[in-house]
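**Q** Got a structure for you, written out below as structure tokens; questions coming shortly.
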Amino acid sequence: MKAITSKVRVRELYERMGLSYLELYLVESVTGYLTLIEGVKLRDARVIDIGCGLGIGAGLLSGITKQYACIDIACGLLRYPASLPNVDVVCSDGAMLPIRSSSFNTSILLNTVNADLDGSDLIREARRVSSLVLARSPRSIDNELIATLLRGG
């Protein structure tokens, strides 16, 4: 019950924040995406961005990918990425993706994994739908969980 309540609160918070999120976190988000994908070949890849928010990653990367899918629990945030060519959007909980296994080459989870809530489920789903998972969080506890789960532990 705690996880569901937390998800509802997160969804409501991000829906309320809307475009003001860009004022607060645009530079940090752009830097985060570019750092996360450094050295990774995304040209012609099928990429799923779980917890995409306002679609900053889609704006940066969808032009070089074969397919770019944006997933977010806050449906209102998906308006911008939905307007981009080559971008599919799905309003969904990233811990329960309505997507077939192995549909993507790469999953991106930037500032999405929360070790205190459903971080393990998010990583499990990302691994289920793609062969490569790129994930990072501003919190060290989340990054420890990411590292452990991506090592197979």
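Labels for the structure tokens follow display order: chains A, B, ..., residues from 1 in each chain, ligands from 1.
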If we count only C-alpha atoms, what is near segment 66-70 of chain A at a cut-off of 9 Å, once residues fewer than 3 positions away on the same chain are taken out, given as a list in words?

**A**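 Once the adjacent positions are removed, what remains is Leu42, Arg43, Asp44, Ala45, Arg46, Val47, Ile48, Asp49, Ile50, Gly51, Cys52, Gly53, Gly55, Gly57, Ala58, Leu61, Ser62, Gly63, Leu78, Pro81, Ala82, Asn86, Val87, Asp88, Val89, Val90, Cys91 and Phe104 of chain A.
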
**Q** Can I get the selection written as a JSON list (two decimals), in the first residue's frame, with N, CA, C and O atoms?

**A**
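As written to disk, out.json reads:
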[["chain", "number", "residue", "atom", "x", "y", "z"],
["A", 42, "LEU", "N", 23.98, 4.49, -29.81],
["A", 42, "LEU", "CA", 22.52, 4.55, -29.87],
["A", 42, "LEU", "C", 22.00, 4.72, -31.30],
["A", 42, "LEU", "O", 20.80, 4.61, -31.53],
["A", 43, "ARG", "N", 22.90, 5.00, -32.24],
["A", 43, "ARG", "CA", 22.45, 5.17, -33.63],
["A", 43, "ARG", "C", 21.74, 3.89, -34.07],
["A", 43, "ARG", "O", 22.26, 2.79, -33.92],
["A", 44, "ASP", "N", 20.52, 4.07, -34.54],
["A", 44, "ASP", "CA", 19.67, 2.98, -35.02],
["A", 44, "ASP", "C", 19.23, 2.01, -33.92],
["A", 44, "ASP", "O", 18.74, 0.92, -34.22],
["A", 45, "ALA", "N", 19.41, 2.37, -32.67],
["A", 45, "ALA", "CA", 18.96, 1.51, -31.57],
["A", 45, "ALA", "C", 17.49, 1.80, -31.25],
["A", 45, "ALA", "O", 16.95, 2.85, -31.59],
["A", 46, "ARG", "N", 16.88, 0.85, -30.60],
["A", 46, "ARG", "CA", 15.53, 1.03, -30.06],
["A", 46, "ARG", "C", 15.70, 1.31, -28.57],
["A", 46, "ARG", "O", 16.17, 0.46, -27.83],
["A", 47, "VAL", "N", 15.31, 2.52, -28.16],
["A", 47, "VAL", "CA", 15.56, 3.00, -26.80],
["A", 47, "VAL", "C", 14.24, 3.25, -26.08],
["A", 47, "VAL", "O", 13.32, 3.85, -26.64],
["A", 48, "ILE", "N", 14.18, 2.80, -24.83],
["A", 48, "ILE", "CA", 13.03, 3.09, -23.98],
["A", 48, "ILE", "C", 13.53, 3.92, -22.80],
["A", 48, "ILE", "O", 14.50, 3.57, -22.15],
["A", 49, "ASP", "N", 12.88, 5.03, -22.56],
["A", 49, "ASP", "CA", 13.24, 5.97, -21.49],
["A", 49, "ASP", "C", 12.17, 5.86, -20.41],
["A", 49, "ASP", "O", 11.07, 6.41, -20.54],
["A", 50, "ILE", "N", 12.49, 5.11, -19.37],
["A", 50, "ILE", "CA", 11.54, 4.82, -18.30],
["A", 50, "ILE", "C", 11.62, 5.92, -17.26],
["A", 50, "ILE", "O", 12.66, 6.14, -16.66],
["A", 51, "GLY", "N", 10.52, 6.61, -17.04],
["A", 51, "GLY", "CA", 10.50, 7.77, -16.16],
["A", 51, "GLY", "C", 11.03, 9.00, -16.89],
["A", 51, "GLY", "O", 11.81, 9.76, -16.36],
["A", 52, "CYS", "N", 10.59, 9.15, -18.12],
["A", 52, "CYS", "CA", 11.13, 10.17, -19.03],
["A", 52, "CYS", "C", 10.80, 11.60, -18.63],
["A", 52, "CYS", "O", 11.43, 12.54, -19.11],
["A", 53, "GLY", "N", 9.80, 11.78, -17.78],
["A", 53, "GLY", "CA", 9.42, 13.14, -17.40],
["A", 53, "GLY", "C", 8.92, 13.92, -18.60],
["A", 53, "GLY", "O", 8.11, 13.43, -19.38],
["A", 55, "GLY", "N", 10.40, 14.62, -21.28],
["A", 55, "GLY", "CA", 10.91, 14.17, -22.57],
["A", 55, "GLY", "C", 12.21, 14.82, -22.99],
["A", 55, "GLY", "O", 12.51, 14.91, -24.18],
["A", 57, "GLY", "N", 15.22, 13.64, -22.71],
["A", 57, "GLY", "CA", 16.00, 12.62, -23.40],
["A", 57, "GLY", "C", 15.51, 12.41, -24.83],
["A", 57, "GLY", "O", 16.30, 12.27, -25.75],
["A", 58, "ALA", "N", 14.20, 12.42, -25.01],
["A", 58, "ALA", "CA", 13.63, 12.26, -26.35],
["A", 58, "ALA", "C", 14.06, 13.42, -27.24],
["A", 58, "ALA", "O", 14.42, 13.22, -28.40],
["A", 61, "LEU", "N", 17.85, 12.73, -28.03],
["A", 61, "LEU", "CA", 18.33, 11.48, -28.61],
["A", 61, "LEU", "C", 17.46, 10.86, -29.69],
["A", 61, "LEU", "O", 17.95, 10.03, -30.46],
["A", 62, "SER", "N", 16.20, 11.22, -29.79],
["A", 62, "SER", "CA", 15.30, 10.52, -30.71],
["A", 62, "SER", "C", 15.71, 10.68, -32.18],
["A", 62, "SER", "O", 15.37, 9.82, -32.99],
["A", 63, "GLY", "N", 16.45, 11.71, -32.50],
["A", 63, "GLY", "CA", 16.87, 11.91, -33.88],
["A", 63, "GLY", "C", 17.92, 10.93, -34.37],
["A", 63, "GLY", "O", 18.11, 10.76, -35.57],
["A", 78, "LEU", "N", 3.77, 13.92, -20.87],
["A", 78, "LEU", "CA", 4.10, 13.29, -22.14],
["A", 78, "LEU", "C", 3.69, 14.11, -23.36],
["A", 78, "LEU", "O", 3.92, 13.69, -24.49],
["A", 81, "PRO", "N", 7.07, 15.07, -25.60],
["A", 81, "PRO", "CA", 7.65, 13.97, -26.37],
["A", 81, "PRO", "C", 6.66, 13.39, -27.40],
["A", 81, "PRO", "O", 7.08, 12.92, -28.46],
["A", 82, "ALA", "N", 5.36, 13.46, -27.11],
["A", 82, "ALA", "CA", 4.37, 12.95, -28.06],
["A", 82, "ALA", "C", 4.36, 13.76, -29.36],
["A", 82, "ALA", "O", 3.95, 13.26, -30.41],
["A", 86, "ASN", "N", 9.28, 10.14, -34.47],
["A", 86, "ASN", "CA", 10.05, 8.97, -34.07],
["A", 86, "ASN", "C", 9.97, 8.67, -32.57],
["A", 86, "ASN", "O", 10.82, 7.98, -32.03],
["A", 87, "VAL", "N", 8.98, 9.25, -31.88],
["A", 87, "VAL", "CA", 8.84, 9.03, -30.44],
["A", 87, "VAL", "C", 7.45, 8.47, -30.15],
["A", 87, "VAL", "O", 6.45, 9.01, -30.58],
["A", 88, "ASP", "N", 7.43, 7.36, -29.42],
["A", 88, "ASP", "CA", 6.19, 6.79, -28.92],
["A", 88, "ASP", "C", 6.10, 7.10, -27.43],
["A", 88, "ASP", "O", 7.12, 7.13, -26.74],
["A", 89, "VAL", "N", 4.90, 7.36, -26.94],
["A", 89, "VAL", "CA", 4.73, 7.63, -25.52],
["A", 89, "VAL", "C", 3.72, 6.64, -24.93],
["A", 89, "VAL", "O", 2.76, 6.26, -25.59],
["A", 90, "VAL", "N", 3.99, 6.25, -23.70],
["A", 90, "VAL", "CA", 3.10, 5.36, -22.97],
["A", 90, "VAL", "C", 3.00, 5.88, -21.55],
["A", 90, "VAL", "O", 4.03, 6.04, -20.87],
["A", 91, "CYS", "N", 1.79, 6.15, -21.11],
["A", 91, "CYS", "CA", 1.59, 6.53, -19.71],
["A", 91, "CYS", "C", 1.44, 5.24, -18.92],
["A", 91, "CYS", "O", 0.45, 4.52, -19.06],
["A", 104, "PHE", "N", 13.41, -3.76, -26.89],
["A", 104, "PHE", "CA", 14.33, -2.63, -27.05],
["A", 104, "PHE", "C", 15.77, -3.07, -26.89],
["A", 104, "PHE", "O", 16.05, -4.09, -26.27]]

**Q** For the strand (DSSP E or B) assignment from backbone DSSP, which residues of segment 43-150 of chain A qualify? Please present them as a ChimeraX atom specification.

**A** /A:46-50,67-72,87-91,104-110,130-136

**Q** Residues near Tyr80 of chain A, anyone? I mean within 9 Å using only C-alpha atoms, not counting same-chain ones fewer than 6 positions away, as a ChimeraX atom specification.

**A** /A:54-56,59

**Q** Output N, CA and C atoms for every residue in that selection, as a PDB file, in the first residue's frame.

**A**
ATOM      1  N   LEU A  54       9.423  15.114 -18.766  1.00  0.00           N
ATOM      2  CA  LEU A  54       8.978  15.988 -19.854  1.00  0.00           C
ATOM      3  C   LEU A  54       9.578  15.638 -21.209  1.00  0.00           C
ATOM      4  N   GLY A  55      10.395  14.620 -21.283  1.00  0.00           N
ATOM      5  CA  GLY A  55      10.914  14.171 -22.567  1.00  0.00           C
ATOM      6  C   GLY A  55      12.212  14.822 -22.993  1.00  0.00           C
ATOM      7  N   ILE A  56      13.005  15.245 -22.037  1.00  0.00           N
ATOM      8  CA  ILE A  56      14.293  15.863 -22.362  1.00  0.00           C
ATOM      9  C   ILE A  56      15.172  14.886 -23.136  1.00  0.00           C
ATOM     10  N   GLY A  59      14.036  14.624 -26.692  1.00  0.00           N
ATOM     11  CA  GLY A  59      14.462  15.781 -27.464  1.00  0.00           C
ATOM     12  C   GLY A  59      15.924  15.707 -27.870  1.00  0.00           C
TER      13      GLY A  59
END

**Q** Skip Leu149 of chain A itself and residues of its chain fewer than 6 positions away, then list as a short mmCIF file (atom, residue, chain, number, x, y, z; two decimals) with C-alpha atoms, in the first residue's frame all residues within 10 Å of it, counting only C-alpha atoms.

**A**
data_model
loop_
_atom_site.label_atom_id
_atom_site.label_comp_id
_atom_site.auth_asym_id
_atom_site.auth_seq_id
_atom_site.Cartn_x
_atom_site.Cartn_y
_atom_site.Cartn_z
CA GLY A 119 13.73 0.50 -7.61
CA SER A 120 14.25 -3.25 -7.89
CA ILE A 123 15.45 -2.39 -12.93
CA ARG A 124 13.84 -5.83 -13.38
CA ARG A 127 16.22 -5.71 -18.00
CA ASN A 143 23.13 3.91 -7.35
#

**Q** Quick one: DSSP alpha helix (DSSP H) residues in segment 9-146 of chain A, as a VMD selection string?

**A** chain A and resid 9 to 17 20 to 36 56 to 61 79 to 82 119 to 129 140 to 146

**Q** Suppose you want the space between atom CA of Glu28 of chain A and atom CA of Val8 of chain A; what is it in Å?

**A**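 Distance reported for this atom pair: 24.8 Å.
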